[in-house]
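Structure first, commentary second.
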Amino acid sequence: MKKTRIFSFCFEDEDRQLVSAGKTRLAVGRTRILSEITQESQVLSYAALYLGEHNLTGGIRRIESKEAYDACFRKSKLL
C-alpha cells in the first residue's frame, strides 16, 4: 500500500486502478485518510477522468463497504 502525507493528513491507498485508451485516462480507487491531529480516519472512494488537453473531472464519495466498492466495478464492467 502506498502512503502519502500532505500537511497533517496521511493517505493510504487500499486499491488503485488505472485504465487508458488513447489520451483518455481513468483512475479509480479507495483510500484511507487519517488526521494526525485528531487520529480520526475515513475511507473514501475516488474517480478521476482525464480526456486530454484541459479536460479533467473527478469526484469522491464514502462507500460503506469493500463489497459495495467492488460492486461498482462489476456493474460498470470498466475494469
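Letters A, B, ... go to the chains of the C-alpha cells in the order shown; residues in each chain start at 1; ligands are counted from 1 in the same order.
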
**OP:** Considering only C-alpha atoms, return as number ranges by chain whatever protein or nucleic-acid residues lie within 8 Å of segment 39-52 of chain A, sequence-local ones (same chain, fewer than 5 positions apart) excluded.
**Re:** A: 23-34, 57-63, 69

Mind writing the picked residues with N, CA and C atoms as a short mmCIF file (atom, residue, chain, number, x, y, z; two decimals), in the first residue's frame?
data_model
loop_
_atom_site.label_atom_id
_atom_site.label_comp_id
_atom_site.auth_asym_id
_atom_site.auth_seq_id
_atom_site.Cartn_x
_atom_site.Cartn_y
_atom_site.Cartn_z
N LYS A 23 -5.62 9.19 -25.44
CA LYS A 23 -5.30 10.24 -24.47
C LYS A 23 -6.13 10.13 -23.20
N THR A 24 -7.20 9.36 -23.24
CA THR A 24 -8.12 9.28 -22.11
C THR A 24 -7.55 8.39 -21.01
N ARG A 25 -7.66 8.86 -19.76
CA ARG A 25 -7.18 8.11 -18.60
C ARG A 25 -8.27 8.12 -17.54
N LEU A 26 -8.47 6.98 -16.90
CA LEU A 26 -9.41 6.86 -15.79
C LEU A 26 -8.67 6.26 -14.61
N ALA A 27 -8.72 6.95 -13.48
CA ALA A 27 -8.14 6.44 -12.24
C ALA A 27 -9.26 6.31 -11.22
N VAL A 28 -9.39 5.13 -10.64
CA VAL A 28 -10.38 4.91 -9.59
C VAL A 28 -9.69 4.19 -8.44
N GLY A 29 -10.17 4.45 -7.25
CA GLY A 29 -9.54 3.80 -6.11
C GLY A 29 -10.27 4.05 -4.82
N ARG A 30 -9.65 3.54 -3.78
CA ARG A 30 -10.19 3.62 -2.43
C ARG A 30 -9.00 3.94 -1.53
N THR A 31 -9.14 4.97 -0.69
CA THR A 31 -8.02 5.38 0.15
C THR A 31 -8.49 5.69 1.57
N ARG A 32 -7.64 5.39 2.54
CA ARG A 32 -7.92 5.73 3.93
C ARG A 32 -7.19 7.04 4.24
N ILE A 33 -7.95 7.99 4.80
CA ILE A 33 -7.39 9.29 5.16
C ILE A 33 -7.36 9.37 6.68
N LEU A 34 -6.20 9.70 7.24
CA LEU A 34 -6.02 9.78 8.69
C LEU A 34 -5.54 11.17 9.07
N THR A 57 -12.09 15.74 -14.85
CA THR A 57 -13.22 15.74 -13.92
C THR A 57 -13.02 14.62 -12.91
N GLY A 58 -13.60 14.77 -11.75
CA GLY A 58 -13.43 13.74 -10.74
C GLY A 58 -14.40 13.91 -9.59
N GLY A 59 -14.36 12.97 -8.68
CA GLY A 59 -15.22 13.04 -7.52
C GLY A 59 -14.80 12.03 -6.47
N ILE A 60 -15.34 12.25 -5.26
CA ILE A 60 -15.09 11.32 -4.16
C ILE A 60 -16.42 11.02 -3.48
N ARG A 61 -16.49 9.89 -2.81
CA ARG A 61 -17.67 9.57 -2.02
C ARG A 61 -17.32 8.49 -1.01
N ARG A 62 -18.12 8.42 0.00
CA ARG A 62 -17.96 7.38 1.01
C ARG A 62 -18.77 6.17 0.55
N ILE A 63 -18.13 5.04 0.44
CA ILE A 63 -18.82 3.78 0.16
C ILE A 63 -18.61 2.92 1.40
N TYR A 69 -18.01 -1.25 -2.87
CA TYR A 69 -16.99 -0.68 -3.77
C TYR A 69 -16.75 -1.62 -4.94
#

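Taking atom CA of Lys66 of chain A as the reference point, atom CA of Asp15 of chain A is found at 10.1 Å.
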
Original post:
Rounded to one decimal in Å, what is the spacing between atom CA of Leu56 of chain A and atom CA of Ser35 of chain A?
Top reply: 27.4 Å

**OP:** For atom CA of Thr38 of chain A and atom CA of Ser8 of chain A, determine how far apart the two atoms are, in Å to one decimal place.
**Re:**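 Separation of atom CA of Thr38 of chain A and atom CA of Ser8 of chain A: 9.6 Å.
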
**OP:** Name the residues of chain A that fall into strand (DSSP E or B) according to DSSP on the backbone, using the chain letters and numbers of this document, as an MDAnalysis selection string.
**Re:** chainID A and resid 3:6 9:21 24:35 41:52 55:61

**OP:** Write down as a list in words the residues belonging to chain A that are assigned helix (DSSP H, G or I) by DSSP computed on the backbone.
**Re:**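 After running DSSP on the backbone, chain A has helix (DSSP H, G or I) at Lys66, Glu67, Ala68, Tyr69, Asp70, Ala71, Cys72, Phe73, Arg74, Lys75 and Ser76 of chain A.
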
Suppose we keep all heavy atoms; can you now write the selection as a PDB file, in the first residue's frame?
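Result file follows (again06.pdb):
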ATOM      1  N   LYS A  66     -16.289  -2.689   1.400  1.00  0.00           N
ATOM      2  CA  LYS A  66     -15.486  -3.109   0.256  1.00  0.00           C
ATOM      3  C   LYS A  66     -16.361  -3.822  -0.769  1.00  0.00           C
ATOM      4  O   LYS A  66     -16.153  -3.691  -1.967  1.00  0.00           O
ATOM      5  CB  LYS A  66     -14.341  -4.011   0.709  1.00  0.00           C
ATOM      6  CG  LYS A  66     -13.442  -4.423  -0.447  1.00  0.00           C
ATOM      7  CD  LYS A  66     -12.208  -5.104   0.006  1.00  0.00           C
ATOM      8  CE  LYS A  66     -11.279  -5.524  -1.093  1.00  0.00           C
ATOM      9  NZ  LYS A  66     -11.739  -5.511  -2.443  1.00  0.00           N
ATOM     10  N   GLU A  67     -17.372  -4.547  -0.312  1.00  0.00           N
ATOM     11  CA  GLU A  67     -18.279  -5.253  -1.215  1.00  0.00           C
ATOM     12  C   GLU A  67     -19.031  -4.254  -2.100  1.00  0.00           C
ATOM     13  O   GLU A  67     -19.205  -4.477  -3.298  1.00  0.00           O
ATOM     14  CB  GLU A  67     -19.264  -6.127  -0.427  1.00  0.00           C
ATOM     15  CG  GLU A  67     -18.618  -7.311   0.255  1.00  0.00           C
ATOM     16  CD  GLU A  67     -17.859  -6.949   1.533  1.00  0.00           C
ATOM     17  OE1 GLU A  67     -18.123  -5.874   2.138  1.00  0.00           O
ATOM     18  OE2 GLU A  67     -16.979  -7.733   1.926  1.00  0.00           O
ATOM     19  N   ALA A  68     -19.496  -3.152  -1.509  1.00  0.00           N
ATOM     20  CA  ALA A  68     -20.205  -2.125  -2.286  1.00  0.00           C
ATOM     21  C   ALA A  68     -19.256  -1.469  -3.288  1.00  0.00           C
ATOM     22  O   ALA A  68     -19.638  -1.193  -4.422  1.00  0.00           O
ATOM     23  CB  ALA A  68     -20.804  -1.077  -1.353  1.00  0.00           C
ATOM     24  N   TYR A  69     -18.012  -1.245  -2.873  1.00  0.00           N
ATOM     25  CA  TYR A  69     -16.993  -0.677  -3.768  1.00  0.00           C
ATOM     26  C   TYR A  69     -16.750  -1.617  -4.944  1.00  0.00           C
ATOM     27  O   TYR A  69     -16.767  -1.198  -6.106  1.00  0.00           O
ATOM     28  CB  TYR A  69     -15.706  -0.443  -2.977  1.00  0.00           C
ATOM     29  CG  TYR A  69     -14.505  -0.064  -3.797  1.00  0.00           C
ATOM     30  CD1 TYR A  69     -14.353   1.231  -4.279  1.00  0.00           C
ATOM     31  CD2 TYR A  69     -13.504  -0.996  -4.080  1.00  0.00           C
ATOM     32  CE1 TYR A  69     -13.238   1.584  -5.023  1.00  0.00           C
ATOM     33  CE2 TYR A  69     -12.397  -0.654  -4.822  1.00  0.00           C
ATOM     34  CZ  TYR A  69     -12.264   0.635  -5.283  1.00  0.00           C
ATOM     35  OH  TYR A  69     -11.156   0.973  -6.031  1.00  0.00           O
ATOM     36  N   ASP A  70     -16.562  -2.909  -4.666  1.00  0.00           N
ATOM     37  CA  ASP A  70     -16.332  -3.889  -5.724  1.00  0.00           C
ATOM     38  C   ASP A  70     -17.530  -3.998  -6.663  1.00  0.00           C
ATOM     39  O   ASP A  70     -17.371  -4.187  -7.868  1.00  0.00           O
ATOM     40  CB  ASP A  70     -16.010  -5.261  -5.135  1.00  0.00           C
ATOM     41  CG  ASP A  70     -14.662  -5.292  -4.418  1.00  0.00           C
ATOM     42  OD1 ASP A  70     -13.822  -4.406  -4.691  1.00  0.00           O
ATOM     43  OD2 ASP A  70     -14.469  -6.180  -3.585  1.00  0.00           O
ATOM     44  N   ALA A  71     -18.740  -3.874  -6.112  1.00  0.00           N
ATOM     45  CA  ALA A  71     -19.959  -3.970  -6.923  1.00  0.00           C
ATOM     46  C   ALA A  71     -20.035  -2.850  -7.958  1.00  0.00           C
ATOM     47  O   ALA A  71     -20.586  -3.047  -9.036  1.00  0.00           O
ATOM     48  CB  ALA A  71     -21.189  -3.948  -6.031  1.00  0.00           C
ATOM     49  N   CYS A  72     -19.491  -1.690  -7.663  1.00  0.00           N
ATOM     50  CA  CYS A  72     -19.483  -0.585  -8.629  1.00  0.00           C
ATOM     51  C   CYS A  72     -18.773  -1.004  -9.907  1.00  0.00           C
ATOM     52  O   CYS A  72     -19.198  -0.653 -11.007  1.00  0.00           O
ATOM     53  CB  CYS A  72     -18.782   0.634  -8.051  1.00  0.00           C
ATOM     54  SG  CYS A  72     -19.678   1.449  -6.749  1.00  0.00           S
ATOM     55  N   PHE A  73     -17.715  -1.782  -9.801  1.00  0.00           N
ATOM     56  CA  PHE A  73     -16.945  -2.180 -10.965  1.00  0.00           C
ATOM     57  C   PHE A  73     -17.571  -3.357 -11.693  1.00  0.00           C
ATOM     58  O   PHE A  73     -17.477  -3.460 -12.896  1.00  0.00           O
ATOM     59  CB  PHE A  73     -15.503  -2.483 -10.574  1.00  0.00           C
ATOM     60  CG  PHE A  73     -14.851  -1.295  -9.962  1.00  0.00           C
ATOM     61  CD1 PHE A  73     -14.468  -1.300  -8.639  1.00  0.00           C
ATOM     62  CD2 PHE A  73     -14.675  -0.134 -10.681  1.00  0.00           C
ATOM     63  CE1 PHE A  73     -13.896  -0.181  -8.062  1.00  0.00           C
ATOM     64  CE2 PHE A  73     -14.123   0.981 -10.119  1.00  0.00           C
ATOM     65  CZ  PHE A  73     -13.729   0.959  -8.799  1.00  0.00           C
ATOM     66  N   ARG A  74     -18.235  -4.231 -10.956  1.00  0.00           N
ATOM     67  CA  ARG A  74     -18.927  -5.335 -11.613  1.00  0.00           C
ATOM     68  C   ARG A  74     -20.077  -4.812 -12.467  1.00  0.00           C
ATOM     69  O   ARG A  74     -20.304  -5.284 -13.569  1.00  0.00           O
ATOM     70  CB  ARG A  74     -19.451  -6.336 -10.589  1.00  0.00           C
ATOM     71  CG  ARG A  74     -18.375  -7.232 -10.018  1.00  0.00           C
ATOM     72  CD  ARG A  74     -18.960  -8.405  -9.288  1.00  0.00           C
ATOM     73  NE  ARG A  74     -19.822  -8.014  -8.204  1.00  0.00           N
ATOM     74  CZ  ARG A  74     -19.419  -7.775  -6.949  1.00  0.00           C
ATOM     75  NH1 ARG A  74     -18.152  -7.896  -6.651  1.00  0.00           N
ATOM     76  NH2 ARG A  74     -20.279  -7.429  -6.016  1.00  0.00           N
ATOM     77  N   LYS A  75     -20.788  -3.786 -11.973  1.00  0.00           N
ATOM     78  CA  LYS A  75     -21.907  -3.213 -12.722  1.00  0.00           C
ATOM     79  C   LYS A  75     -21.419  -2.468 -13.952  1.00  0.00           C
ATOM     80  O   LYS A  75     -22.008  -2.545 -15.017  1.00  0.00           O
ATOM     81  CB  LYS A  75     -22.722  -2.276 -11.840  1.00  0.00           C
ATOM     82  CG  LYS A  75     -23.543  -3.000 -10.815  1.00  0.00           C
ATOM     83  CD  LYS A  75     -24.306  -2.023  -9.956  1.00  0.00           C
ATOM     84  CE  LYS A  75     -25.068  -2.741  -8.868  1.00  0.00           C
ATOM     85  NZ  LYS A  75     -25.725  -1.817  -7.961  1.00  0.00           N
ATOM     86  N   SER A  76     -20.341  -1.717 -13.800  1.00  0.00           N
ATOM     87  CA  SER A  76     -19.871  -0.895 -14.922  1.00  0.00           C
ATOM     88  C   SER A  76     -19.027  -1.685 -15.913  1.00  0.00           C
ATOM     89  O   SER A  76     -18.903  -1.305 -17.060  1.00  0.00           O
ATOM     90  CB  SER A  76     -19.057   0.288 -14.394  1.00  0.00           C
ATOM     91  OG  SER A  76     -17.851  -0.182 -13.807  1.00  0.00           O
TER      92      SER A  76
END
